[in-house]
Amino acid sequence: MTYKHIFKTSLRGLSTNRSRSLLTILGIVIGITAIILVVALGKGAQTLILDQVQGLGTQTIAIIPGREPSGPSDVSSLYSDSLKPRDVTYLKNKTNAPGIKDVMPVVFGADSASYGSNTYQVNIFGATELMAGMFDLHPVGGAFFSQDDVLGRADVVVIGSKIADHLFDAEDPVGKKIKIKGRNFQVVAVLPPTGGGSLFNFDDMALMPYTTAQYYLLGIKYFNRIIVEANADEDVDIVAHDVVLTLRESHDITDPAKDDFFVQTQQDLAKRLSTITSALTWFLVAVASIALFVGGVGIMNIMLVAVTERTREIGLRKALGATNRDILSQFLLEAVLLTAIGGLVGIILGALLAFVIAIALSAGLHINWQFVFPWGGAALGFGVSTLIGLVFGLYPARSASKKSPMEALRYE
């Protein structure tokens, strides 16, 4: 038998039992669909996160208090008061770090805000007037607070869109006063919606001078972060190095192992987030692969049933001159065709579902979630599905090829 004849015979065998063939490949379709969906959503999430990190400014460097966590369980170092006003003074000294453009101390906390009878839980974010430029914030109403507001501990606040909606309904918030922790703050600006999927969700934030937040709301004299902006992208690594040396001098640290702070560039953050999302994606792919294994077992069972039902056909073919190799090739090809077709259907279905989910997430969360077709995942899924056909179809095909023609013809 030629390969062309074997291929036609295999197709004829599958088309004779269409319902059974469709049910057989269902397990493969489910497995490949799950894998393509997980990989596509993982790529979309990774793209969204990296875009947002890049949007925060590639020249910014975050200085974080405490020892850098060595693992998920090492959370004690996250709570530290090691960043003080003296550090800001040291960093602003151009002789210590000439590549620094701006320095911005940051404090944060949470409390409830109220206006009239309306109350809403807000995230308090204290910074300087530089925040608008560093985070590319453009209020839709009013204007950001000024340097004089920071120096004078002014009771002013810039609120996110959700806070404005919950506290003021249709009323214009600008110029009104909201109460936080028993103190009145004048709303000087309102931010546009940024979306719930944003890395920094400003919709729930109340932005104010850090001096005001420290003195009146948080009662602290240290900073939760210090944000440093370099003069240019190519200066980021040098500036990060200068920051480390400057803070060691400020903290009287001679042994680097005793650093009570660490710096994080946007590139560092992007790499870490990319690593986390990739690891999570492939973990989910591994879980989804269980469905493929179950589908492979189903293929083997159905093929064994098919071999039993077609015993007389096998005997007749052998009586007409077909060799063991011809029978083996025919049944093995049928198994591979089933899984390959299942793989293609699963890739198309998974891509369609990922596309629909991307549109739904973009519309529902007001974020720029992009559909990313996982070409590598699709190639891997098709290859794995074909391999499953080879592996799980081999045993039934060998059983068919080893049947005796005489016994097969006598089979009822």
# chains A, B, ... in the order shown; residues from 1 in each chain; ligands from 1
call {"tool": "residues_around", "arguments": {"residues": "Ile178 of chain A", "least_positions_apart": "6", "cutoff": "6 Å", "atoms": "only C-alpha atoms", "output": "VMD selection string"}}
result
chain A and resid 114 to 115 184 to 185
call {"tool": "residues_around", "arguments": {"residues": "segment 158-160 of chain A", "least_positions_apart": "3", "cutoff": "7 Å", "atoms": "only C-alpha atoms", "output": "list in words"}}
result
Phe144, Ile163, Ala164, Val187, Val188, Ala189, Val190, Leu191, Pro192, Phe202, Asp203, Asp204, Met205, Ala206, Leu207 and Met208 of chain A
call {"tool": "select_by_dssp", "arguments": {"residues": "segment 45-165 of chain A", "states": "strand (DSSP E or B)", "output": "PDB file with N, CA, C and O atoms, in the first residue's frame"}}
result
ATOM      1  N   THR A  60      12.833  56.775  36.184  1.00  0.00           N
ATOM      2  CA  THR A  60      12.568  56.846  37.617  1.00  0.00           C
ATOM      3  C   THR A  60      13.160  55.645  38.356  1.00  0.00           C
ATOM      4  O   THR A  60      13.179  54.530  37.843  1.00  0.00           O
ATOM      5  N   ILE A  61      13.619  55.907  39.558  1.00  0.00           N
ATOM      6  CA  ILE A  61      14.217  54.885  40.421  1.00  0.00           C
ATOM      7  C   ILE A  61      13.517  54.965  41.775  1.00  0.00           C
ATOM      8  O   ILE A  61      13.401  56.059  42.346  1.00  0.00           O
ATOM      9  N   ALA A  62      13.045  53.828  42.251  1.00  0.00           N
ATOM     10  CA  ALA A  62      12.365  53.803  43.553  1.00  0.00           C
ATOM     11  C   ALA A  62      13.351  53.359  44.623  1.00  0.00           C
ATOM     12  O   ALA A  62      14.050  52.353  44.456  1.00  0.00           O
ATOM     13  N   ILE A  63      13.410  54.132  45.709  1.00  0.00           N
ATOM     14  CA  ILE A  63      14.231  53.744  46.866  1.00  0.00           C
ATOM     15  C   ILE A  63      13.260  53.234  47.931  1.00  0.00           C
ATOM     16  O   ILE A  63      12.330  53.938  48.338  1.00  0.00           O
ATOM     17  N   ILE A  64      13.460  51.986  48.337  1.00  0.00           N
ATOM     18  CA  ILE A  64      12.507  51.313  49.229  1.00  0.00           C
ATOM     19  C   ILE A  64      13.188  51.040  50.567  1.00  0.00           C
ATOM     20  O   ILE A  64      14.321  50.544  50.601  1.00  0.00           O
ATOM     21  N   PRO A  65      12.525  51.381  51.673  1.00  0.00           N
ATOM     22  CA  PRO A  65      13.165  51.170  52.988  1.00  0.00           C
ATOM     23  C   PRO A  65      13.216  49.691  53.354  1.00  0.00           C
ATOM     24  O   PRO A  65      12.393  48.886  52.891  1.00  0.00           O
ATOM     25  N   ILE A 100      21.112  62.992  39.009  1.00  0.00           N
ATOM     26  CA  ILE A 100      19.725  63.062  39.487  1.00  0.00           C
ATOM     27  C   ILE A 100      19.067  64.361  39.020  1.00  0.00           C
ATOM     28  O   ILE A 100      19.621  65.446  39.174  1.00  0.00           O
ATOM     29  N   LYS A 101      17.858  64.218  38.461  1.00  0.00           N
ATOM     30  CA  LYS A 101      17.100  65.391  38.024  1.00  0.00           C
ATOM     31  C   LYS A 101      16.160  65.875  39.129  1.00  0.00           C
ATOM     32  O   LYS A 101      16.115  67.077  39.430  1.00  0.00           O
ATOM     33  N   ASP A 102      15.394  64.964  39.704  1.00  0.00           N
ATOM     34  CA  ASP A 102      14.439  65.331  40.756  1.00  0.00           C
ATOM     35  C   ASP A 102      14.419  64.262  41.843  1.00  0.00           C
ATOM     36  O   ASP A 102      14.692  63.084  41.579  1.00  0.00           O
ATOM     37  N   VAL A 103      14.043  64.682  43.041  1.00  0.00           N
ATOM     38  CA  VAL A 103      13.882  63.758  44.170  1.00  0.00           C
ATOM     39  C   VAL A 103      12.512  64.012  44.789  1.00  0.00           C
ATOM     40  O   VAL A 103      12.152  65.163  45.052  1.00  0.00           O
ATOM     41  N   MET A 104      11.735  62.943  45.003  1.00  0.00           N
ATOM     42  CA  MET A 104      10.388  63.124  45.554  1.00  0.00           C
ATOM     43  C   MET A 104      10.130  62.109  46.663  1.00  0.00           C
ATOM     44  O   MET A 104      10.050  60.902  46.418  1.00  0.00           O
ATOM     45  N   PRO A 105       9.989  62.564  47.913  1.00  0.00           N
ATOM     46  CA  PRO A 105       9.609  61.651  48.995  1.00  0.00           C
ATOM     47  C   PRO A 105       8.134  61.291  48.880  1.00  0.00           C
ATOM     48  O   PRO A 105       7.321  62.097  48.412  1.00  0.00           O
ATOM     49  N   VAL A 106       7.798  60.071  49.298  1.00  0.00           N
ATOM     50  CA  VAL A 106       6.426  59.571  49.169  1.00  0.00           C
ATOM     51  C   VAL A 106       6.004  58.898  50.477  1.00  0.00           C
ATOM     52  O   VAL A 106       6.788  58.151  51.078  1.00  0.00           O
ATOM     53  N   VAL A 107       4.795  59.196  50.918  1.00  0.00           N
ATOM     54  CA  VAL A 107       4.193  58.480  52.060  1.00  0.00           C
ATOM     55  C   VAL A 107       2.806  58.007  51.626  1.00  0.00           C
ATOM     56  O   VAL A 107       2.197  58.587  50.726  1.00  0.00           O
ATOM     57  N   PHE A 108       2.329  56.941  52.251  1.00  0.00           N
ATOM     58  CA  PHE A 108       0.977  56.485  51.906  1.00  0.00           C
ATOM     59  C   PHE A 108       0.312  55.785  53.088  1.00  0.00           C
ATOM     60  O   PHE A 108       0.972  55.335  54.030  1.00  0.00           O
ATOM     61  N   GLY A 109      -1.003  55.747  52.997  1.00  0.00           N
ATOM     62  CA  GLY A 109      -1.819  55.116  54.032  1.00  0.00           C
ATOM     63  C   GLY A 109      -3.236  54.972  53.520  1.00  0.00           C
ATOM     64  O   GLY A 109      -3.477  55.078  52.310  1.00  0.00           O
ATOM     65  N   ALA A 110      -4.181  54.733  54.421  1.00  0.00           N
ATOM     66  CA  ALA A 110      -5.581  54.580  54.018  1.00  0.00           C
ATOM     67  C   ALA A 110      -6.483  55.099  55.121  1.00  0.00           C
ATOM     68  O   ALA A 110      -6.168  54.988  56.305  1.00  0.00           O
ATOM     69  N   ASP A 111      -7.600  55.682  54.718  1.00  0.00           N
ATOM     70  CA  ASP A 111      -8.588  56.183  55.678  1.00  0.00           C
ATOM     71  C   ASP A 111      -9.891  56.433  54.922  1.00  0.00           C
ATOM     72  O   ASP A 111      -9.935  56.284  53.696  1.00  0.00           O
ATOM     73  N   SER A 112     -10.911  56.825  55.638  1.00  0.00           N
ATOM     74  CA  SER A 112     -12.184  57.109  54.977  1.00  0.00           C
ATOM     75  C   SER A 112     -12.329  58.612  54.771  1.00  0.00           C
ATOM     76  O   SER A 112     -11.885  59.412  55.600  1.00  0.00           O
ATOM     77  N   ALA A 113     -12.943  58.964  53.629  1.00  0.00           N
ATOM     78  CA  ALA A 113     -13.221  60.370  53.320  1.00  0.00           C
ATOM     79  C   ALA A 113     -14.727  60.552  53.269  1.00  0.00           C
ATOM     80  O   ALA A 113     -15.462  59.640  52.873  1.00  0.00           O
ATOM     81  N   SER A 114     -15.188  61.741  53.674  1.00  0.00           N
ATOM     82  CA  SER A 114     -16.634  61.963  53.683  1.00  0.00           C
ATOM     83  C   SER A 114     -16.953  63.360  53.151  1.00  0.00           C
ATOM     84  O   SER A 114     -16.157  64.298  53.259  1.00  0.00           O
ATOM     85  N   TYR A 115     -18.131  63.444  52.535  1.00  0.00           N
ATOM     86  CA  TYR A 115     -18.671  64.726  52.074  1.00  0.00           C
ATOM     87  C   TYR A 115     -20.175  64.646  52.293  1.00  0.00           C
ATOM     88  O   TYR A 115     -20.855  63.817  51.681  1.00  0.00           O
ATOM     89  N   ASN A 118     -22.138  61.223  52.485  1.00  0.00           N
ATOM     90  CA  ASN A 118     -21.436  60.186  51.707  1.00  0.00           C
ATOM     91  C   ASN A 118     -20.055  59.906  52.294  1.00  0.00           C
ATOM     92  O   ASN A 118     -19.317  60.841  52.646  1.00  0.00           O
ATOM     93  N   THR A 119     -19.699  58.628  52.349  1.00  0.00           N
ATOM     94  CA  THR A 119     -18.389  58.211  52.874  1.00  0.00           C
ATOM     95  C   THR A 119     -17.764  57.210  51.916  1.00  0.00           C
ATOM     96  O   THR A 119     -18.461  56.379  51.326  1.00  0.00           O
ATOM     97  N   TYR A 120     -16.436  57.294  51.766  1.00  0.00           N
ATOM     98  CA  TYR A 120     -15.752  56.369  50.858  1.00  0.00           C
ATOM     99  C   TYR A 120     -14.344  56.091  51.380  1.00  0.00           C
ATOM    100  O   TYR A 120     -13.652  57.016  51.843  1.00  0.00           O
ATOM    101  N   GLN A 121     -13.912  54.828  51.305  1.00  0.00           N
ATOM    102  CA  GLN A 121     -12.572  54.453  51.750  1.00  0.00           C
ATOM    103  C   GLN A 121     -11.550  54.843  50.666  1.00  0.00           C
ATOM    104  O   GLN A 121     -11.702  54.458  49.493  1.00  0.00           O
ATOM    105  N   VAL A 122     -10.538  55.619  51.058  1.00  0.00           N
ATOM    106  CA  VAL A 122      -9.576  56.120  50.067  1.00  0.00           C
ATOM    107  C   VAL A 122      -8.154  55.699  50.445  1.00  0.00           C
ATOM    108  O   VAL A 122      -7.849  55.430  51.606  1.00  0.00           O
ATOM    109  N   ASN A 123      -7.311  55.636  49.429  1.00  0.00           N
ATOM    110  CA  ASN A 123      -5.872  55.419  49.625  1.00  0.00           C
ATOM    111  C   ASN A 123      -5.195  56.779  49.609  1.00  0.00           C
ATOM    112  O   ASN A 123      -5.284  57.513  48.617  1.00  0.00           O
ATOM    113  N   ILE A 124      -4.525  57.117  50.693  1.00  0.00           N
ATOM    114  CA  ILE A 124      -3.863  58.418  50.805  1.00  0.00           C
ATOM    115  C   ILE A 124      -2.454  58.306  50.230  1.00  0.00           C
ATOM    116  O   ILE A 124      -1.698  57.385  50.585  1.00  0.00           O
ATOM    117  N   PHE A 125      -2.116  59.211  49.332  1.00  0.00           N
ATOM    118  CA  PHE A 125      -0.799  59.200  48.683  1.00  0.00           C
ATOM    119  C   PHE A 125      -0.213  60.592  48.823  1.00  0.00           C
ATOM    120  O   PHE A 125      -0.675  61.548  48.206  1.00  0.00           O
ATOM    121  N   GLY A 126       0.812  60.728  49.667  1.00  0.00           N
ATOM    122  CA  GLY A 126       1.455  62.008  49.875  1.00  0.00           C
ATOM    123  C   GLY A 126       2.731  62.121  49.077  1.00  0.00           C
ATOM    124  O   GLY A 126       3.590  61.238  49.145  1.00  0.00           O
ATOM    125  N   ALA A 127       2.879  63.213  48.312  1.00  0.00           N
ATOM    126  CA  ALA A 127       4.067  63.397  47.476  1.00  0.00           C
ATOM    127  C   ALA A 127       4.321  64.890  47.317  1.00  0.00           C
ATOM    128  O   ALA A 127       3.817  65.703  48.106  1.00  0.00           O
ATOM    129  N   GLY A 141     -10.251  68.473  35.985  1.00  0.00           N
ATOM    130  CA  GLY A 141     -10.845  69.659  36.578  1.00  0.00           C
ATOM    131  C   GLY A 141      -9.919  70.211  37.645  1.00  0.00           C
ATOM    132  O   GLY A 141      -9.339  69.451  38.418  1.00  0.00           O
ATOM    133  N   GLY A 142      -9.702  71.536  37.697  1.00  0.00           N
ATOM    134  CA  GLY A 142      -8.812  72.130  38.678  1.00  0.00           C
ATOM    135  C   GLY A 142      -7.354  72.013  38.289  1.00  0.00           C
ATOM    136  O   GLY A 142      -7.018  71.758  37.130  1.00  0.00           O
ATOM    137  N   VAL A 156      -4.976  70.579  51.098  1.00  0.00           N
ATOM    138  CA  VAL A 156      -5.507  70.447  49.741  1.00  0.00           C
ATOM    139  C   VAL A 156      -5.388  68.995  49.313  1.00  0.00           C
ATOM    140  O   VAL A 156      -4.513  68.254  49.792  1.00  0.00           O
ATOM    141  N   VAL A 157      -6.239  68.582  48.378  1.00  0.00           N
ATOM    142  CA  VAL A 157      -6.227  67.194  47.940  1.00  0.00           C
ATOM    143  C   VAL A 157      -6.659  67.105  46.483  1.00  0.00           C
ATOM    144  O   VAL A 157      -7.508  67.875  46.017  1.00  0.00           O
ATOM    145  N   VAL A 158      -6.023  66.183  45.769  1.00  0.00           N
ATOM    146  CA  VAL A 158      -6.423  65.830  44.402  1.00  0.00           C
ATOM    147  C   VAL A 158      -7.052  64.447  44.487  1.00  0.00           C
ATOM    148  O   VAL A 158      -6.432  63.520  45.036  1.00  0.00           O
ATOM    149  N   ILE A 159      -8.264  64.302  43.999  1.00  0.00           N
ATOM    150  CA  ILE A 159      -8.967  63.024  44.185  1.00  0.00           C
ATOM    151  C   ILE A 159      -9.131  62.286  42.870  1.00  0.00           C
ATOM    152  O   ILE A 159      -9.193  62.879  41.791  1.00  0.00           O
TER     153      ILE A 159
END
call {"tool": "select_by_dssp", "arguments": {"residues": "segment 144-218 of chain A", "states": "alpha helix (DSSP H)", "output": "JSON, numbers by chain"}}
result
{"A": [147, 148, 149, 150, 151, 161, 162, 163, 164, 165, 166, 167, 168, 210, 211, 212]}
call {"tool": "atom_distance", "arguments": {"atom1": "atom CA of Leu361 of chain A", "atom2": "atom CA of Pro374 of chain A"}}
result
18.1 Å
call {"tool": "residues_around", "arguments": {"residues": "Leu333 of chain A", "least_positions_apart": "4", "cutoff": "12 Å", "atoms": "only C-alpha atoms", "output": "ChimeraX atom specification"}}
result
/A:3-14,303,325-329,337-341,386-394,396-397
call {"tool": "write_last_selection", "arguments": {"atoms": "N, CA and C atoms", "output": "short mmCIF file (atom, residue, chain, number, x, y, z; two decimals), in the first residue's frame"}}
result
data_model
loop_
_atom_site.label_atom_id
_atom_site.label_comp_id
_atom_site.auth_asym_id
_atom_site.auth_seq_id
_atom_site.Cartn_x
_atom_site.Cartn_y
_atom_site.Cartn_z
N TYR A 3 1.60 5.39 0.60
CA TYR A 3 1.21 6.30 1.68
C TYR A 3 -0.09 7.04 1.33
N LYS A 4 -0.28 7.34 0.02
CA LYS A 4 -1.49 8.02 -0.43
C LYS A 4 -2.71 7.14 -0.17
N HIS A 5 -2.57 5.83 -0.45
CA HIS A 5 -3.67 4.91 -0.23
C HIS A 5 -3.97 4.75 1.27
N ILE A 6 -2.88 4.69 2.08
CA ILE A 6 -3.06 4.58 3.54
C ILE A 6 -3.78 5.83 4.07
N PHE A 7 -3.39 7.01 3.55
CA PHE A 7 -4.03 8.25 4.00
C PHE A 7 -5.52 8.25 3.66
N LYS A 8 -5.86 7.85 2.41
CA LYS A 8 -7.27 7.82 2.00
C LYS A 8 -8.06 6.80 2.84
N THR A 9 -7.44 5.65 3.11
CA THR A 9 -8.10 4.62 3.90
C THR A 9 -8.37 5.12 5.32
N SER A 10 -7.40 5.85 5.89
CA SER A 10 -7.55 6.37 7.25
C SER A 10 -8.67 7.40 7.30
N LEU A 11 -8.72 8.30 6.30
CA LEU A 11 -9.79 9.30 6.26
C LEU A 11 -11.16 8.65 6.12
N ARG A 12 -11.20 7.59 5.28
CA ARG A 12 -12.47 6.89 5.09
C ARG A 12 -12.90 6.23 6.40
N GLY A 13 -11.93 5.67 7.13
CA GLY A 13 -12.25 5.02 8.41
C GLY A 13 -12.79 6.01 9.43
N LEU A 14 -12.22 7.23 9.44
CA LEU A 14 -12.70 8.26 10.39
C LEU A 14 -14.06 8.80 10.00
N MET A 303 -9.70 3.94 20.13
CA MET A 303 -9.00 3.24 19.05
C MET A 303 -9.01 1.73 19.30
N ARG A 325 2.79 -3.74 8.54
CA ARG A 325 3.19 -2.34 8.53
C ARG A 325 2.08 -1.45 7.96
N ASP A 326 1.37 -1.96 6.90
CA ASP A 326 0.27 -1.18 6.31
C ASP A 326 -0.85 -0.96 7.35
N ILE A 327 -1.20 -2.04 8.07
CA ILE A 327 -2.27 -1.92 9.08
C ILE A 327 -1.84 -0.99 10.21
N LEU A 328 -0.57 -1.18 10.65
CA LEU A 328 -0.04 -0.31 11.72
C LEU A 328 -0.09 1.15 11.29
N SER A 329 0.35 1.43 10.06
CA SER A 329 0.37 2.83 9.57
C SER A 329 -1.04 3.39 9.48
N LEU A 337 -4.37 11.80 12.99
CA LEU A 337 -5.30 12.74 12.36
C LEU A 337 -6.33 13.26 13.36
N LEU A 338 -6.83 12.36 14.22
CA LEU A 338 -7.80 12.78 15.23
C LEU A 338 -7.21 13.85 16.15
N THR A 339 -6.01 13.61 16.65
CA THR A 339 -5.41 14.57 17.60
C THR A 339 -4.97 15.85 16.90
N ALA A 340 -4.50 15.73 15.65
CA ALA A 340 -4.07 16.93 14.91
C ALA A 340 -5.27 17.83 14.62
N ILE A 341 -6.38 17.21 14.19
CA ILE A 341 -7.60 18.00 13.96
C ILE A 341 -8.08 18.63 15.27
N THR A 386 -0.24 16.32 18.26
CA THR A 386 0.18 15.31 17.29
C THR A 386 0.98 14.20 17.97
N LEU A 387 1.85 14.60 18.90
CA LEU A 387 2.65 13.62 19.63
C LEU A 387 1.76 12.69 20.46
N ILE A 388 0.69 13.26 21.04
CA ILE A 388 -0.24 12.45 21.82
C ILE A 388 -0.88 11.38 20.94
N GLY A 389 -1.22 11.78 19.69
CA GLY A 389 -1.78 10.80 18.75
C GLY A 389 -0.82 9.66 18.49
N LEU A 390 0.47 10.00 18.35
CA LEU A 390 1.49 8.97 18.10
C LEU A 390 1.64 8.04 19.31
N VAL A 391 1.72 8.65 20.49
CA VAL A 391 2.00 7.87 21.70
C VAL A 391 0.81 6.98 22.07
N PHE A 392 -0.38 7.60 22.14
CA PHE A 392 -1.56 6.85 22.60
C PHE A 392 -2.21 6.03 21.49
N GLY A 393 -1.81 6.27 20.25
CA GLY A 393 -2.36 5.47 19.15
C GLY A 393 -1.48 4.29 18.79
N LEU A 394 -0.27 4.24 19.35
CA LEU A 394 0.67 3.19 18.96
C LEU A 394 0.21 1.80 19.43
N PRO A 396 -2.94 0.58 20.21
CA PRO A 396 -4.04 0.02 19.41
C PRO A 396 -3.60 -0.34 17.99
N ALA A 397 -2.73 0.49 17.39
CA ALA A 397 -2.28 0.20 16.02
C ALA A 397 -1.46 -1.08 15.98
#
